[in-house]
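Source file: coords.pdb. Holds: PDB, C-alpha atoms, pLDDT in the B column.
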ATOM      1  CA  MET W1058       0.000   0.000   0.000  1.00 42.00           C
ATOM      2  CA  GLU W1059       1.311   3.421  -0.931  1.00 44.00           C
ATOM      3  CA  SER W1060       2.088   5.538   2.118  1.00 47.00           C
ATOM      4  CA  ILE W1061       0.529   8.977   2.467  1.00 44.00           C
ATOM      5  CA  ASN W1062       2.784  11.865   3.319  1.00 50.00           C
ATOM      6  CA  PRO W1063       1.115  13.801   6.206  1.00 46.00           C
ATOM      7  CA  LYS W1064       2.932  16.979   5.235  1.00 43.00           C
ATOM      8  CA  SER W1065       1.622  16.755   1.671  1.00 44.00           C
ATOM      9  CA  LEU W1066      -1.895  16.072   2.949  1.00 40.00           C
ATOM     10  CA  ASN W1067      -1.687  19.086   5.228  1.00 44.00           C
ATOM     11  CA  ASN W1068      -0.548  21.320   2.368  1.00 43.00           C
ATOM     12  CA  ASP W1069      -3.366  20.088   0.148  1.00 42.00           C
ATOM     13  CA  SER W1070      -5.871  20.786   2.922  1.00 38.00           C
ATOM     14  CA  HIS W1071      -4.650  24.354   3.314  1.00 41.00           C
ATOM     15  CA  SER W1072      -4.630  24.959  -0.451  1.00 42.00           C
ATOM     16  CA  CYS W1073      -8.248  23.859  -0.599  1.00 44.00           C
ATOM     17  CA  VAL W1074      -9.304  26.585   1.809  1.00 42.00           C
ATOM     18  CA  GLY W1075      -9.244  29.054  -1.069  1.00 42.00           C
ATOM     19  CA  LEU W1076     -12.112  27.248  -2.748  1.00 45.00           C
ATOM     20  CA  CYS W1077     -13.972  25.987   0.336  1.00 49.00           C
ATOM     21  CA  CYS W1078     -14.999  28.157   3.238  1.00 54.00           C
ATOM     22  CA  PHE W1079     -14.862  25.225   5.604  1.00 45.00           C
ATOM     23  CA  ASN W1080     -12.793  22.113   5.847  1.00 45.00           C
ATOM     24  CA  THR W1081     -15.680  19.619   5.945  1.00 40.00           C
ATOM     25  CA  GLY W1082     -17.337  18.774   2.679  1.00 44.00           C
ATOM     26  CA  SER W1083     -20.781  18.614   4.258  1.00 41.00           C
ATOM     27  CA  ASP W1084     -20.610  22.310   5.071  1.00 49.00           C
ATOM     28  CA  ASP W1085     -19.593  23.474   1.619  1.00 59.00           C
ATOM     29  CA  TYR W1086     -23.096  24.838   0.965  1.00 66.00           C
ATOM     30  CA  ARG W1087     -22.408  27.557   3.532  1.00 70.00           C
ATOM     31  CA  CYS W1088     -19.578  28.802   1.352  1.00 69.00           C
ATOM     32  CA  GLY W1089     -21.989  29.169  -1.550  1.00 73.00           C
ATOM     33  CA  VAL W1090     -24.442  31.092   0.609  1.00 78.00           C
ATOM     34  CA  ILE W1091     -21.748  33.480   1.825  1.00 76.00           C
ATOM     35  CA  LEU W1092     -20.463  34.031  -1.714  1.00 76.00           C
ATOM     36  CA  THR W1093     -23.996  34.723  -2.954  1.00 80.00           C
ATOM     37  CA  VAL W1094     -24.630  37.275  -0.180  1.00 82.00           C
ATOM     38  CA  LYS W1095     -21.230  38.810  -0.822  1.00 79.00           C
ATOM     39  CA  ARG W1096     -21.892  39.256  -4.531  1.00 81.00           C
ATOM     40  CA  ALA W1097     -25.428  40.536  -3.920  1.00 85.00           C
ATOM     41  CA  THR W1098     -24.315  43.222  -1.451  1.00 84.00           C
ATOM     42  CA  GLY W1099     -21.375  44.118  -3.670  1.00 82.00           C
ATOM     43  CA  THR W1100     -23.625  44.454  -6.722  1.00 87.00           C
ATOM     44  CA  PHE W1101     -26.145  46.541  -4.800  1.00 89.00           C
ATOM     45  CA  SER W1102     -23.368  48.849  -3.610  1.00 87.00           C
ATOM     46  CA  LEU W1103     -21.909  49.032  -7.121  1.00 89.00           C
ATOM     47  CA  VAL W1104     -25.246  50.078  -8.619  1.00 91.00           C
ATOM     48  CA  GLY W1105     -25.746  52.625  -5.827  1.00 89.00           C
ATOM     49  CA  CYS W1106     -22.321  54.154  -6.474  1.00 89.00           C
ATOM     50  CA  LEU W1107     -22.979  54.362 -10.215  1.00 92.00           C
ATOM     51  CA  PHE W1108     -26.304  56.077  -9.536  1.00 92.00           C
ATOM     52  CA  MET W1109     -24.614  58.505  -7.132  1.00 90.00           C
ATOM     53  CA  LEU W1110     -21.908  59.312  -9.691  1.00 90.00           C
ATOM     54  CA  PHE W1111     -24.583  59.894 -12.330  1.00 91.00           C
ATOM     55  CA  VAL W1112     -26.487  62.273 -10.046  1.00 89.00           C
ATOM     56  CA  ILE W1113     -23.298  64.172  -9.187  1.00 87.00           C
ATOM     57  CA  TRP W1114     -22.470  64.500 -12.880  1.00 88.00           C
ATOM     58  CA  LEU W1115     -26.031  65.405 -13.846  1.00 89.00           C
ATOM     59  CA  LEU W1116     -26.399  68.135 -11.217  1.00 86.00           C
ATOM     60  CA  ARG W1117     -22.767  69.281 -11.499  1.00 83.00           C
ATOM     61  CA  ARG W1118     -22.288  68.880  -7.733  1.00 77.00           C
ATOM     62  CA  TYR W1119     -18.489  68.651  -7.678  1.00 81.00           C
ATOM     63  CA  HIS W1120     -17.299  72.223  -7.177  1.00 84.00           C
ATOM     64  CA  SER W1121     -17.225  72.902  -3.435  1.00 87.00           C
ATOM     65  CA  LEU W1122     -14.988  70.997  -1.019  1.00 90.00           C
ATOM     66  CA  ALA W1123     -17.878  69.096   0.579  1.00 88.00           C
ATOM     67  CA  GLN W1124     -19.145  67.999  -2.822  1.00 89.00           C
ATOM     68  CA  LYS W1125     -15.656  66.888  -3.891  1.00 91.00           C
ATOM     69  CA  MET W1126     -15.299  64.859  -0.695  1.00 93.00           C
ATOM     70  CA  ILE W1127     -18.625  63.117  -1.332  1.00 92.00           C
ATOM     71  CA  LEU W1128     -17.479  62.420  -4.897  1.00 92.00           C
ATOM     72  CA  SER W1129     -14.223  60.930  -3.608  1.00 94.00           C
ATOM     73  CA  LEU W1130     -16.121  58.767  -1.109  1.00 93.00           C
ATOM     74  CA  THR W1131     -18.370  57.502  -3.903  1.00 93.00           C
ATOM     75  CA  ILE W1132     -15.358  56.631  -6.077  1.00 94.00           C
ATOM     76  CA  ALA W1133     -13.675  54.786  -3.204  1.00 94.00           C
ATOM     77  CA  ALA W1134     -16.892  52.893  -2.415  1.00 92.00           C
ATOM     78  CA  PHE W1135     -17.279  52.008  -6.107  1.00 93.00           C
ATOM     79  CA  PHE W1136     -13.854  50.355  -6.308  1.00 93.00           C
ATOM     80  CA  ASP W1137     -14.427  48.750  -2.915  1.00 90.00           C
ATOM     81  CA  SER W1138     -17.603  47.152  -4.282  1.00 89.00           C
ATOM     82  CA  VAL W1139     -15.653  45.729  -7.214  1.00 88.00           C
ATOM     83  CA  ALA W1140     -13.642  43.626  -4.747  1.00 81.00           C
ATOM     84  CA  TYR W1141     -16.846  42.007  -3.474  1.00 81.00           C
ATOM     85  CA  VAL W1142     -18.007  40.977  -6.941  1.00 82.00           C
ATOM     86  CA  MET W1143     -14.630  39.673  -8.133  1.00 72.00           C
ATOM     87  CA  GLY W1144     -15.755  36.113  -7.536  1.00 58.00           C
ATOM     88  CA  GLU W1145     -14.781  33.320  -5.213  1.00 61.00           C
ATOM     89  CA  SER W1146     -11.568  33.185  -3.240  1.00 58.00           C
ATOM     90  CA  HIS W1147      -8.492  32.077  -5.183  1.00 65.00           C
ATOM     91  CA  LEU W1148      -5.656  29.767  -4.236  1.00 72.00           C
ATOM     92  CA  LYS W1149      -2.727  31.476  -2.564  1.00 78.00           C
ATOM     93  CA  GLY W1150      -0.757  33.371  -5.158  1.00 82.00           C
ATOM     94  CA  THR W1151      -0.432  36.679  -6.967  1.00 88.00           C
ATOM     95  CA  LEU W1152      -4.128  36.953  -7.877  1.00 87.00           C
ATOM     96  CA  CYS W1153      -5.198  36.207  -4.298  1.00 88.00           C
ATOM     97  CA  ASP W1154      -2.727  38.761  -2.922  1.00 91.00           C
ATOM     98  CA  PHE W1155      -4.017  41.363  -5.368  1.00 91.00           C
ATOM     99  CA  GLN W1156      -7.626  40.732  -4.365  1.00 89.00           C
ATOM    100  CA  ALA W1157      -6.714  41.003  -0.667  1.00 92.00           C
ATOM    101  CA  TRP W1158      -4.700  44.193  -1.210  1.00 94.00           C
ATOM    102  CA  TRP W1159      -7.497  45.740  -3.320  1.00 93.00           C
ATOM    103  CA  LEU W1160     -10.106  44.911  -0.687  1.00 91.00           C
ATOM    104  CA  THR W1161      -8.015  46.290   2.179  1.00 94.00           C
ATOM    105  CA  TYR W1162      -7.007  49.450   0.344  1.00 96.00           C
ATOM    106  CA  PHE W1163     -10.459  50.554  -0.764  1.00 95.00           C
ATOM    107  CA  ASP W1164     -12.118  49.482   2.499  1.00 94.00           C
ATOM    108  CA  TRP W1165      -9.693  51.791   4.255  1.00 96.00           C
ATOM    109  CA  SER W1166     -10.083  54.533   1.655  1.00 96.00           C
ATOM    110  CA  ALA W1167     -13.875  54.577   1.959  1.00 94.00           C
ATOM    111  CA  LEU W1168     -13.620  54.561   5.754  1.00 95.00           C
ATOM    112  CA  ALA W1169     -11.064  57.382   5.638  1.00 96.00           C
ATOM    113  CA  TRP W1170     -13.356  59.557   3.512  1.00 96.00           C
ATOM    114  CA  VAL W1171     -16.264  58.961   5.895  1.00 95.00           C
ATOM    115  CA  CYS W1172     -14.072  60.050   8.806  1.00 96.00           C
ATOM    116  CA  LEU W1173     -12.752  63.085   6.938  1.00 96.00           C
ATOM    117  CA  ILE W1174     -16.268  64.177   5.939  1.00 94.00           C
ATOM    118  CA  THR W1175     -17.247  63.957   9.602  1.00 94.00           C
ATOM    119  CA  PHE W1176     -14.134  65.886  10.644  1.00 95.00           C
ATOM    120  CA  ASN W1177     -14.749  68.531   7.978  1.00 94.00           C
ATOM    121  CA  LEU W1178     -18.348  68.920   9.130  1.00 92.00           C
ATOM    122  CA  TYR W1179     -17.158  69.280  12.727  1.00 93.00           C
ATOM    123  CA  LEU W1180     -14.696  72.024  11.770  1.00 93.00           C
ATOM    124  CA  ASN W1181     -17.340  73.866   9.735  1.00 91.00           C
ATOM    125  CA  LEU W1182     -20.220  73.762  12.182  1.00 89.00           C
ATOM    126  CA  VAL W1183     -18.629  73.494  15.617  1.00 90.00           C
ATOM    127  CA  ARG W1184     -15.295  75.267  15.259  1.00 90.00           C
ATOM    128  CA  GLU W1185     -16.542  77.566  12.467  1.00 87.00           C
ATOM    129  CA  ILE W1186     -13.374  77.063  10.456  1.00 90.00           C
ATOM    130  CA  ARG W1187     -13.310  77.224   6.675  1.00 89.00           C
ATOM    131  CA  THR W1188     -11.540  74.110   5.437  1.00 91.00           C
ATOM    132  CA  ASN W1189     -10.862  74.695   1.741  1.00 91.00           C
ATOM    133  CA  ARG W1190      -7.142  74.922   2.471  1.00 92.00           C
ATOM    134  CA  TYR W1191      -7.206  71.374   3.860  1.00 94.00           C
ATOM    135  CA  GLN W1192      -8.248  69.779   0.580  1.00 94.00           C
ATOM    136  CA  MET W1193      -4.765  68.511  -0.326  1.00 95.00           C
ATOM    137  CA  TRP W1194      -4.239  67.075   3.174  1.00 96.00           C
ATOM    138  CA  TYR W1195      -7.580  65.320   2.989  1.00 96.00           C
ATOM    139  CA  HIS W1196      -6.569  63.590  -0.228  1.00 96.00           C
ATOM    140  CA  LEU W1197      -3.125  62.669   1.094  1.00 97.00           C
ATOM    141  CA  THR W1198      -4.748  61.114   4.155  1.00 97.00           C
ATOM    142  CA  ALA W1199      -7.607  59.329   2.387  1.00 97.00           C
ATOM    143  CA  TRP W1200      -5.401  57.780  -0.302  1.00 97.00           C
ATOM    144  CA  GLY W1201      -2.071  57.572   1.546  1.00 97.00           C
ATOM    145  CA  VAL W1202      -3.020  55.946   4.861  1.00 96.00           C
ATOM    146  CA  PRO W1203      -4.900  53.097   3.121  1.00 97.00           C
ATOM    147  CA  LEU W1204      -1.825  52.473   0.971  1.00 97.00           C
ATOM    148  CA  VAL W1205       0.262  51.921   4.095  1.00 96.00           C
ATOM    149  CA  MET W1206      -2.355  49.764   5.823  1.00 96.00           C
ATOM    150  CA  ALA W1207      -2.849  47.569   2.745  1.00 96.00           C
ATOM    151  CA  SER W1208       0.838  47.236   1.933  1.00 96.00           C
ATOM    152  CA  LEU W1209       2.019  46.128   5.389  1.00 96.00           C
ATOM    153  CA  PRO W1210       0.359  42.660   5.288  1.00 95.00           C
ATOM    154  CA  LEU W1211       1.353  42.312   1.642  1.00 94.00           C
ATOM    155  CA  MET W1212       5.036  42.895   2.400  1.00 94.00           C
ATOM    156  CA  LYS W1213       4.843  40.488   5.349  1.00 93.00           C
ATOM    157  CA  GLY W1214       3.247  37.813   3.168  1.00 92.00           C
ATOM    158  CA  TYR W1215       0.162  37.531   5.388  1.00 93.00           C
ATOM    159  CA  PHE W1216      -2.396  37.697   2.581  1.00 93.00           C
ATOM    160  CA  GLY W1217      -3.999  34.489   1.383  1.00 89.00           C
ATOM    161  CA  PRO W1218      -7.270  32.522   1.232  1.00 86.00           C
ATOM    162  CA  ALA W1219      -9.469  33.601   4.151  1.00 83.00           C
ATOM    163  CA  GLY W1220     -12.827  31.927   3.643  1.00 75.00           C
ATOM    164  CA  PRO W1221     -15.067  33.388   0.939  1.00 73.00           C
ATOM    165  CA  TRP W1222     -12.420  35.885  -0.176  1.00 79.00           C
ATOM    166  CA  CYS W1223      -8.704  36.531   0.030  1.00 86.00           C
ATOM    167  CA  TRP W1224      -7.528  38.587   2.973  1.00 90.00           C
ATOM    168  CA  ILE W1225      -5.246  38.179   6.000  1.00 93.00           C
ATOM    169  CA  THR W1226      -5.053  34.447   6.697  1.00 91.00           C
ATOM    170  CA  GLU W1227      -6.299  32.727   9.847  1.00 89.00           C
ATOM    171  CA  ASP W1228      -2.700  32.207  10.983  1.00 90.00           C
ATOM    172  CA  HIS W1229      -2.377  35.959  11.556  1.00 92.00           C
ATOM    173  CA  VAL W1230      -5.619  36.894  13.318  1.00 93.00           C
ATOM    174  CA  ALA W1231      -3.832  39.549  15.398  1.00 95.00           C
ATOM    175  CA  TRP W1232      -3.037  41.389  12.176  1.00 95.00           C
ATOM    176  CA  ARG W1233      -6.715  41.390  11.238  1.00 94.00           C
ATOM    177  CA  PHE W1234      -7.520  43.233  14.450  1.00 95.00           C
ATOM    178  CA  GLY W1235      -4.523  45.560  14.169  1.00 95.00           C
ATOM    179  CA  ILE W1236      -5.042  46.415  10.506  1.00 94.00           C
ATOM    180  CA  TRP W1237      -8.826  46.653  10.427  1.00 94.00           C
ATOM    181  CA  TYR W1238     -11.129  45.809  13.346  1.00 95.00           C
ATOM    182  CA  VAL W1239      -9.546  47.837  16.157  1.00 96.00           C
ATOM    183  CA  PRO W1240      -9.059  51.021  14.064  1.00 95.00           C
ATOM    184  CA  LEU W1241     -12.575  50.577  12.623  1.00 95.00           C
ATOM    185  CA  PHE W1242     -14.346  50.584  15.991  1.00 95.00           C
ATOM    186  CA  ILE W1243     -12.136  53.344  17.378  1.00 96.00           C
ATOM    187  CA  LEU W1244     -12.975  55.564  14.403  1.00 96.00           C
ATOM    188  CA  ILE W1245     -16.680  54.733  14.652  1.00 95.00           C
ATOM    189  CA  PHE W1246     -16.609  55.693  18.340  1.00 96.00           C
ATOM    190  CA  LEU W1247     -14.866  58.990  17.543  1.00 95.00           C
ATOM    191  CA  MET W1248     -17.373  59.762  14.788  1.00 95.00           C
ATOM    192  CA  ILE W1249     -20.254  59.138  17.189  1.00 95.00           C
ATOM    193  CA  ILE W1250     -18.697  61.661  19.575  1.00 95.00           C
ATOM    194  CA  CYS W1251     -18.255  64.179  16.751  1.00 94.00           C
ATOM    195  CA  TYR W1252     -21.846  63.853  15.593  1.00 93.00           C
ATOM    196  CA  ALA W1253     -23.124  64.116  19.160  1.00 94.00           C
ATOM    197  CA  ARG W1254     -21.183  67.357  19.538  1.00 93.00           C
ATOM    198  CA  ILE W1255     -22.440  68.615  16.168  1.00 92.00           C
ATOM    199  CA  ILE W1256     -26.058  67.901  17.127  1.00 92.00           C
ATOM    200  CA  CYS W1257     -25.645  69.668  20.477  1.00 92.00           C
ATOM    201  CA  VAL W1258     -24.164  72.762  18.837  1.00 90.00           C
ATOM    202  CA  ALA W1259     -26.840  72.763  16.124  1.00 86.00           C
ATOM    203  CA  ASN W1260     -29.646  72.503  18.713  1.00 87.00           C
ATOM    204  CA  ARG W1261     -28.133  75.324  20.749  1.00 85.00           C
ATOM    205  CA  ARG W1262     -27.986  77.556  17.701  1.00 80.00           C
ATOM    206  CA  ILE W1263     -31.543  76.683  16.740  1.00 81.00           C
ATOM    207  CA  GLN W1264     -32.630  77.841  20.201  1.00 78.00           C
ATOM    208  CA  SER W1265     -30.743  81.089  19.690  1.00 75.00           C
ATOM    209  CA  TRP W1266     -32.711  81.669  16.492  1.00 67.00           C
ATOM    210  CA  LEU W1267     -36.034  81.846  18.340  1.00 58.00           C
ATOM    211  CA  GLY W1268     -37.154  85.475  18.188  1.00 51.00           C
ATOM    212  CA  THR W1269     -38.288  88.096  15.730  1.00 49.00           C
ATOM    213  CA  PHE W1270     -35.453  87.615  13.268  1.00 51.00           C
ATOM    214  CA  ASN W1271     -35.419  85.250  10.289  1.00 54.00           C
ATOM    215  CA  PRO W1272     -33.801  81.913  11.220  1.00 56.00           C
ATOM    216  CA  GLU W1273     -32.860  81.103   7.629  1.00 59.00           C
ATOM    217  CA  ARG W1274     -31.081  84.428   7.205  1.00 55.00           C
ATOM    218  CA  GLU W1275     -29.215  84.028  10.493  1.00 55.00           C
ATOM    219  CA  ARG W1276     -28.287  80.463   9.683  1.00 58.00           C
ATOM    220  CA  ARG W1277     -26.717  81.502   6.408  1.00 57.00           C
ATOM    221  CA  LYS W1278     -24.923  84.359   8.113  1.00 54.00           C
ATOM    222  CA  ASP W1279     -23.653  82.581  11.241  1.00 53.00           C
ATOM    223  CA  LEU W1280     -22.818  79.105  10.044  1.00 51.00           C
ATOM    224  CA  PRO W1281     -19.907  78.661   7.654  1.00 50.00           C
ATOM    225  CA  THR W1282     -21.189  77.129   4.456  1.00 44.00           C
ATOM    226  CA  THR W1283     -19.326  74.691   2.271  1.00 42.00           C
ATOM    227  CA  THR W1284     -21.693  74.754  -0.692  1.00 40.00           C
ATOM    228  CA  GLU W1285     -22.230  77.299  -3.390  1.00 40.00           C
ATOM    229  CA  SER W1286     -25.447  79.251  -3.751  1.00 37.00           C
ATOM    230  CA  GLY W1287     -28.245  76.913  -4.713  1.00 38.00           C
ATOM    231  CA  GLY W1288     -26.154  73.846  -3.867  1.00 38.00           C
ATOM    232  CA  PHE W1289     -27.523  70.919  -1.897  1.00 37.00           C
ATOM    233  CA  LYS W1290     -26.763  70.833   1.838  1.00 39.00           C
ATOM    234  CA  PRO W1291     -23.840  68.434   2.538  1.00 43.00           C
ATOM    235  CA  THR W1292     -24.764  67.792   6.170  1.00 44.00           C
ATOM    236  CA  VAL W1293     -27.717  65.453   5.612  1.00 46.00           C
ATOM    237  CA  LEU W1294     -25.998  63.633   2.765  1.00 50.00           C
ATOM    238  CA  GLN W1295     -22.800  63.249   4.753  1.00 50.00           C
ATOM    239  CA  LEU W1296     -24.693  61.788   7.697  1.00 50.00           C
ATOM    240  CA  ALA W1297     -26.583  59.418   5.407  1.00 53.00           C
ATOM    241  CA  LEU W1298     -23.481  58.245   3.550  1.00 55.00           C
ATOM    242  CA  SER W1299     -21.573  57.765   6.793  1.00 55.00           C
ATOM    243  CA  SER W1300     -24.373  55.716   8.355  1.00 54.00           C
ATOM    244  CA  ILE W1301     -24.892  53.592   5.238  1.00 53.00           C
ATOM    245  CA  TYR W1302     -21.191  52.868   4.912  1.00 52.00           C
ATOM    246  CA  ILE W1303     -20.776  51.910   8.574  1.00 50.00           C
ATOM    247  CA  VAL W1304     -23.758  49.520   8.425  1.00 46.00           C
ATOM    248  CA  TYR W1305     -22.462  48.053   5.152  1.00 48.00           C
ATOM    249  CA  GLU W1306     -19.041  47.412   6.684  1.00 49.00           C
ATOM    250  CA  GLN W1307     -20.547  45.635   9.663  1.00 45.00           C
ATOM    251  CA  ILE W1308     -22.588  43.352   7.384  1.00 45.00           C
ATOM    252  CA  THR W1309     -19.756  42.449   5.016  1.00 47.00           C
ATOM    253  CA  LEU W1310     -16.695  42.201   7.236  1.00 47.00           C
ATOM    254  CA  VAL W1311     -17.472  41.918  10.937  1.00 44.00           C
TER
END
How would this structure read if it were set down as structure tokens?
Amino acid sequence: MESINPKSLNNDSHSCVGLCCFNTGSDDYRCGVILTVKRATGTFSLVGCLFMLFVIWLLRRYHSLAQKMILSLTIAAFFDSVAYVMGESHLKGTLCDFQAWWLTYFDWSALAWVCLITFNLYLNLVREIRTNRYQMWYHLTAWGVPLVMASLPLMKGYFGPAGPWCWITEDHVAWRFGIWYVPLFILIFLMIICYARIICVANRRIQSWLGTFNPERERRKDLPTTTESGGFKPTVLQLALSSIYIVYEQITLV
């Protein structure tokens, strides 16, 4: 009888992880379910981003800083969605590493733009600071920090099959928390604090508007605006985009 090399069997088992979410054949159907949900959410997000880009182009809402930041967030979310519709996980190799790097980079980029939109809104409404001069720094942060965060696991060789997609492998769980989960929840917590402060300041100013004067006139005069005349208000859209993105991240990754 031909002897079986345990080391070879172990390697074959690990290489199969790229195509199977779980090691037992009886549970393979769960991999199909996860892949279907992944593609469905990715497709839905992709269509939403295309619609948002069309609306921005149609209404020419890309002139002020707030509008440009929303445009950048939409672009980042669009490319992030592409990673979720790429298909099933691949065997460990160049294609798998590329998929993992792509996913990490644009996840971080979309998250960075959400945080920067929140920060910009905080500076505008709470600190009453005009932020047009920060545009270059916003772009350096939103595109540069994700490059670092996505490249670190790549250089360490920690990318590989990770269930229904390629990402940081199960052998390096600590890196998953350090690269994504811990920063994600810290940033969400900070954004909650920022929005709580923004709401408090907005309510206080609304109370100050009660009187014989025109609230709309005083609002335009007192609050720094980041849109041009006739432009749509960025505050509601920023809040909506931030909330949608955070919920989407929790569904797809956590």
Here's the selection I'm unsure about, the PyMOL selection byres ((chain W and resi 1151) around 12); applied to the file above, which residues does it give, as a ChimeraX atom specification? /W:1147-1150,1152-1158,1211,1214,1216-1218,1223
Selection to disk with C-alpha atoms, as a short mmCIF file (atom, residue, chain, number, x, y, z; two decimals), keeping the file's coordinate frame:
data_model
loop_
_atom_site.label_atom_id
_atom_site.label_comp_id
_atom_site.auth_asym_id
_atom_site.auth_seq_id
_atom_site.Cartn_x
_atom_site.Cartn_y
_atom_site.Cartn_z
CA HIS W 1147 -8.49 32.08 -5.18
CA LEU W 1148 -5.66 29.77 -4.24
CA LYS W 1149 -2.73 31.48 -2.56
CA GLY W 1150 -0.76 33.37 -5.16
CA LEU W 1152 -4.13 36.95 -7.88
CA CYS W 1153 -5.20 36.21 -4.30
CA ASP W 1154 -2.73 38.76 -2.92
CA PHE W 1155 -4.02 41.36 -5.37
CA GLN W 1156 -7.63 40.73 -4.36
CA ALA W 1157 -6.71 41.00 -0.67
CA TRP W 1158 -4.70 44.19 -1.21
CA LEU W 1211 1.35 42.31 1.64
CA GLY W 1214 3.25 37.81 3.17
CA PHE W 1216 -2.40 37.70 2.58
CA GLY W 1217 -4.00 34.49 1.38
CA PRO W 1218 -7.27 32.52 1.23
CA CYS W 1223 -8.70 36.53 0.03
#
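Take atom CA of W:Asn1177 and atom CA of W:Ser1208: the distance between them is 27.1 Å.
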Contacts of stretch 1164-1223 of chain W with stretch 1096-1110 of chain W up to 12 Å, shortest pair per row, only C-alpha atoms, as JSON lines:
{"residue": "W:Ala1167", "atom": "CA", "partner": "W:Cys1106", "partner_atom": "CA", "distance": 11.9}
{"residue": "W:Pro1221", "atom": "CA", "partner": "W:Arg1096", "partner_atom": "CA", "distance": 10.5}
{"residue": "W:Trp1222", "atom": "CA", "partner": "W:Arg1096", "partner_atom": "CA", "distance": 11.0}
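With only C-alpha atoms as the atoms that count, the minimum distance from W:Trp1165 to the choices W:His1229, W:Gly1201, W:His1196, W:Asn1189 is reached by W:Gly1201.
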What gap, in Å, lies between atom CA of W:Ala1231 and atom CA of W:Tyr1162?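 Value for the atom CA of W:Ala1231-atom CA of W:Tyr1162 distance: 18.3 Å.
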Carefully work through the PyMOL selection byres ((chain W and resi 1139-1143) around 6) for this structure and note down the residues it includes, as a VMD selection string. chain W and resid 1096 1099 1136 to 1138 1144 1160
Closest of W:Leu1182, W:Leu1168, W:Ile1091, W:Ile1255 to W:Tyr1238 - atom-to-atom distances counting all atoms listed in the file: W:Leu1168
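The space separating atom CA of W:Gly1089 from atom CA of W:Ala1219 comes to 14.5 Å.
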Point out the residue among W:Glu1227, W:Tyr1215, W:Cys1257, W:Ser1166 with the least atom-to-atom distance to W:Pro1203, counting only C-alpha atoms.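 Ranked by minimum distance to W:Pro1203, first place goes to W:Ser1166.
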Check what the PyMOL selection byres ((chain W and resi 1195) around 12) selects in the file above and give those residues as an MDAnalysis selection string. chainID W and resid 1122:1123 1125:1126 1129:1130 1166 1169:1177 1188:1194 1196:1202
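Of the listed residues (W:Phe1111, W:Phe1246, W:Val1258, W:Phe1234), W:Val1258 comes nearest to W:Arg1184; the distances count all atoms listed in the file.
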